[in-house]
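**Student:** One structure, as structure tokens, below. Some questions next.
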Amino acid sequence: MTVRTRFAPSPTGFLHVGGARTALFCYLFARRHGGQFVLRIEDTDLERSTAESVNAILEGMSWLGLDYDEGPFYQTDRFERYNAVIDELLDKGLAYRCDCPKERLDRIRDMQMAAKLKPRYDGHCRSRHVDPEQPHVVRFRNPVDGAVVVDDMIRGRIPFANEELDDLILRRTDGSPTYNLTVVVDDADMGITHVIRGDDHVNNTPRQMNILAALGKEPPRYAHVPMILGPDGTRLSKRHGAVSVISYRDQGYLPEALINYLVRLGWSHGDQEVFSLDDLIELFDITDVNKAASTFNTDKLDWLNQHYIQHGDPKRIARLLSPQLGHLDIDPAGGPDPVDVVQAQAARAKTLVELAEISAFCYRDFDDYDPAAAKKHLRPVARQPLERLRAELDMLALDDWRDEELHRVVERVAEELELNMGKVAQPLRVAVVGRAASPGIDVTLRLVGKEAVLRRIDRALAYIAKREAAG
RNA sequence: GCUCCCUUCGUCUAGUGGUUAGGACGUCGGCCUCUCACGCCGGUAACAGGGGUUCGAAUCCCCUAGGGAGCGCCA
């Protein structure tokens with residue numbers, strides 16, 4: 001039997017990190033076992049499902065690299081099939097028509113709540129005849145006694161007494177099928193062998209198993225993965241800020257960093273922290289997933305992202321950096337090769353957005369000096385070193401505008417003036433970058449280029465002169 | 001309220017009867033150093049509480065507390 005898993009989101013919003021992790025687990029489990037991963041869009045809620053959401057989900061999955069082998073299948077394309085199954089259940093007496101009005105349902109619910117009971121349908125129409133021509137819903141005839149046990153791959157055996165389960169609606173008054181029916185039919189029809197989903201579905205599982213049994217089908221194996229909580233310990237939602245995977249892309253995160261972070265939320269392999277997708281396909285075991293919910297924490301994601309920026313292929317990082325430079329109105333064609341910039345800056349940025357920001361000086365003059373840096377380094381004492389540096393750098397041929405030569409120039413000026421490297425390099429850095437932080441001074445000069453370096457030194461000298469004049 | 005689930009450093013986790021309770025992120029300190037990072041070294045910090053079982057419990061059982069999910073003609 002080949003393993004088949006599915007990710008079955010309802011298109012009522014973007015792909016959030018919780019869903020992405022569920023999809024990742026489904027994907028990894030299938031890949032690990034040489035099986036197939038199916039994508040199914042559960043759009044039976046006509047009111048809330050949107051095409052934009054479908055696109056957002058597809059975009060998120062594709063960005064993360066979670067390729068599916070089949071689908072996307074849309075449940076709205078399969079209403080005929082669901083209705084045939086419901087009719088079959090009706091014929092066999094395993095389902096029945098119910099015309100209880102909303103008011104009656106509300107009333108018994110209130111009474112049950114008042115009596116400290118779990119609200120549920122009381123089976124009023126179980127043995128009544130309801131005219132098929134009149135408005136009605138179809139309910140599943142759930143077994144009244146015995147128990148159904150969910151044998152979960154993560155949680156172990158969870159028994160549910162049938163008397164806790166009521167007769168759920170399979171078909172609405174408008175004729176559309178409901179979630180619990182469509183899932184069961186689809187999973188069976190699509191040959192899904194392993195259902196991996198959020199643990200907010202555990203309570204649905206015994207109901208679905210009962211429907212499956214009524215249809216004479218073997219249930220799949222189930223694995224309910226724990227939820228992801230926000231920093232405040234409640235279920236992750238929009239009010240926790242960025243939860244859409246696409247927003248992480250836009251904030252400059254690498255997909256491999258998000259994947260790595262997400263997989264370690266609830267799963268581990270000894271002390272290993274860094275995993276490539278290939279590592280995961282080889283090592284992932286659903287039974288190693290934790291039972292407890294975990295909290296989404298950006299610090300570790302930042303660390304992983306920094307790691308992947310630093311250790312990833314500079315050419316690829318540079319390619320991903322380009323759009324971020326574009327957001328700053330920078331055209332990389334007018335300056336150093338972005339690959340060189342990435343190599344110089346990769347250790348300094350947690351995100352691609354940050355990488356673009358701290359690298360802008362390579363492509364254009366900065367607006368203002370960082371006040372603290374200017375105050376500390378662009379003082380009258382810096383005038384002489386800067387003048388000497390300007391002269392020496394001016395004499396350096398363009399062919400010699402290389403790290404080694406640039407480093408020698410700065411070193412020589414420091415020696416001649418009997419100053420520490422810092423007393424020379426820092427004013428120069430602030431003059432050229434506008435801030436007190438940048439790659440090594442030689443690399444910094446190389447990236448900025450001779451023309452801009454000389455221009456910016458002049459600007460710094462003017463700044464110092466003005467400051468001197470002001471007293 | 002009822003049903004189900006969960007509980008190890010601040011966070012993510014290792015741990016399946018005998019460990020100085022390990023790692024990672026964060027944080028703090030140091031080294032490196034022309035700056036900022038990176039890197040390296042070191043410190044800080046946890047078994048929710050209470051009862052059992054056992055020679056011995058983070059590990060097994062029970063209770064309590066806390067947290068989560070579900071109880072829709074949503075999925």
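Ordering of the structure tokens sets the chain letters (A, B, ...); residue numbers start at 1 within each chain; ligands are numbered from 1 in the order shown.
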Which neighbours of segment 390-397 of chain A fall inside 9 Å, counting only C-alpha atoms (C1' of nucleotides), when residues of the same chain fewer than 5 positions from it are skipped, and could you give them as a list in words?
**Tutor:**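 Non-adjacent residues within range: Pro385, Glu405, Leu406, Val409, Val410, Val413, Lys450, Glu451, Val453, Leu454, Ile457 and Asp458 of chain A.
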**Student:** In segment 168-197 of chain A, what's alpha helix (DSSP H) per DSSP? Answer as a PyMOL selection string?
**Tutor:** chain A and resi 179-189
**Student:** Rank nothing, just name the residue among A:Arg172, A:Arg141, A:Arg120, A:Arg221 nearest to Thr205 of chain A, using only C-alpha atoms.
**Tutor:**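 Of A:Arg172, A:Arg141, A:Arg120, A:Arg221, the one nearest Thr205 of chain A, counting only C-alpha atoms, is A:Arg221.
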**Student:** Can you tell me, as a ChimeraX atom specification, what residues are no more than 12 Å from U64 of chain B when counting only C-alpha atoms (C1' of nucleotides), ignoring any on the same chain fewer than 4 positions away?
**Tutor:** /B:48-51
**Student:** Could you tell me which residues of chain A sit within 7 Å of chain B when counting only C-alpha atoms (C1' of nucleotides), and give me the result as a VMD selection string?
**Tutor:** chain A and resid 10 113 116 to 119 164 172 to 173 179 200 203 264 to 265 268 270 to 271 273 291 to 292 297 299 to 300 347 to 348 421 to 422 425 to 426 436 to 438 441
**Student:** According to DSSP computed on the backbone, where in segment 70-226 of chain A is there strand (DSSP E)? Give the residues as a PyMOL selection string.
**Tutor:** chain A and resi 70-74+95-98+137-140+147-152+156-161+169-171+194-198+221-225
**Student:** Quick one: residues within 8 Å of G17 of chain B, only C-alpha atoms (C1' of nucleotides), excluding same-chain residues fewer than 2 positions away - as a ChimeraX atom specification?
**Tutor:** /B:56-57,59
**Student:** What is the atom CA of Arg40 of chain A to atom CA of Leu89 of chain A distance in Å?
**Tutor:** 23.9 Å
**Student:** For Asn83 of chain A, please output as an NGL selection string all residues within 10 Å (counting only C-alpha atoms (C1' of nucleotides); exclusion window: fewer than 3 positions along the same chain).
**Tutor:** :A and (78-80 or 86-89 or 170-171 or 175-177 or 181-182)
**Student:** Name all residues at most 8 Å from segment 366-380 of chain A (count only C-alpha atoms (C1' of nucleotides); drop same-chain ones fewer than 4 positions away) and give them as a compact mmCIF listing (two decimals) with C-alpha atoms, in the first residue's frame.
**Tutor:**
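Okay, out.txt is ready:
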# COMPACT_ATOMS: atom_id res chain seq x y z
CA ALA A 360 22.01 50.78 0.09
CA PHE A 361 25.22 52.81 0.59
CA GLN A 426 36.19 54.95 11.59
CA PRO A 427 36.06 58.52 10.28
CA VAL A 430 31.31 57.25 8.57
CA ALA A 431 32.31 59.48 5.67
CA VAL A 433 28.76 54.85 4.71
CA GLY A 434 27.09 57.46 6.89
CA ARG A 435 27.07 55.06 9.81
CA ALA A 436 29.60 53.50 12.13
CA ALA A 460 32.66 64.72 5.14
CA TYR A 463 30.79 68.72 7.17
CA ILE A 464 33.77 68.94 9.52
CA ALA A 465 34.67 72.41 8.28
CA ARG A 467 31.24 72.08 12.33
CA GLU A 468 34.54 73.81 13.09
**Student:** In Å, with one decimal, what is the gap from atom CA of Asn55 of chain A to atom CA of Pro9 of chain A?
**Tutor:**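 Those two atoms sit 12.0 Å apart.
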**Student:** Find the distance between atom CA of Tyr308 of chain A and atom CA of Arg249 of chain A and write it in Å to one decimal.
**Tutor:**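 Value for the atom CA of Tyr308 of chain A-atom CA of Arg249 of chain A distance: 13.8 Å.
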**Student:** Quick one: residues within 12 Å of Asp279 of chain A, only C-alpha atoms (C1' of nucleotides) counted, chain neighbours fewer than 4 positions away excluded, as a PyMOL selection string?
**Tutor:** chain A and resi 28+31-32+256+259-260+263+269+272-275+283-285
**Student:** Suppose we keep N, CA, C and O atoms; can you now write the selection as a CSV table (one decimal), in the first residue's frame?
**Tutor:**
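Here's the written file selection11.csv:
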chain,number,residue,atom,x,y,z
A,28,LEU,N,6.1,15.9,4.0
A,28,LEU,CA,7.3,15.1,4.5
A,28,LEU,C,6.9,13.7,4.7
A,28,LEU,O,7.7,12.8,4.3
A,31,ARG,N,6.6,12.1,1.3
A,31,ARG,CA,7.9,11.9,0.6
A,31,ARG,C,8.8,10.9,1.3
A,31,ARG,O,9.5,10.1,0.7
A,32,ARG,N,8.7,10.9,2.6
A,32,ARG,CA,9.5,10.0,3.4
A,32,ARG,C,9.2,8.5,3.1
A,32,ARG,O,10.0,7.6,3.1
A,256,GLU,N,13.4,28.3,3.1
A,256,GLU,CA,14.1,27.2,3.8
A,256,GLU,C,14.2,27.5,5.3
A,256,GLU,O,14.2,26.6,6.1
A,259,ILE,N,10.6,26.9,6.7
A,259,ILE,CA,10.4,25.5,6.8
A,259,ILE,C,11.2,24.9,7.9
A,259,ILE,O,10.6,24.1,8.7
A,260,ASN,N,12.4,25.3,8.1
A,260,ASN,CA,13.3,24.7,9.1
A,260,ASN,C,12.7,25.1,10.5
A,260,ASN,O,12.6,24.3,11.4
A,263,VAL,N,9.3,23.2,11.1
A,263,VAL,CA,9.4,21.7,11.3
A,263,VAL,C,9.8,21.5,12.8
A,263,VAL,O,9.5,20.5,13.4
A,269,HIS,N,14.8,16.0,16.0
A,269,HIS,CA,15.6,14.9,15.7
A,269,HIS,C,16.9,15.0,16.5
A,269,HIS,O,17.9,15.7,16.1
A,272,GLN,N,19.8,18.1,16.6
A,272,GLN,CA,20.0,18.8,15.3
A,272,GLN,C,19.0,20.0,15.2
A,272,GLN,O,17.8,19.8,15.5
A,273,GLU,N,19.5,21.1,14.7
A,273,GLU,CA,18.7,22.3,14.6
A,273,GLU,C,18.5,22.7,13.1
A,273,GLU,O,17.5,23.2,12.8
A,274,VAL,N,19.5,22.4,12.3
A,274,VAL,CA,19.4,22.9,10.9
A,274,VAL,C,19.1,21.7,10.0
A,274,VAL,O,19.8,20.7,10.0
A,275,PHE,N,18.1,21.8,9.2
A,275,PHE,CA,17.6,20.8,8.4
A,275,PHE,C,17.3,21.3,7.0
A,275,PHE,O,16.6,22.3,6.8
A,283,LEU,N,14.7,12.1,7.3
A,283,LEU,CA,14.6,11.9,8.8
A,283,LEU,C,13.2,12.1,9.4
A,283,LEU,O,13.0,11.6,10.5
A,284,PHE,N,12.3,12.7,8.7
A,284,PHE,CA,11.0,13.0,9.4
A,284,PHE,C,10.2,11.8,9.7
A,284,PHE,O,10.0,10.9,8.9
A,285,ASP,N,9.8,11.7,11.0
A,285,ASP,CA,8.9,10.6,11.4
A,285,ASP,C,7.8,11.2,12.2
A,285,ASP,O,8.0,11.9,13.2
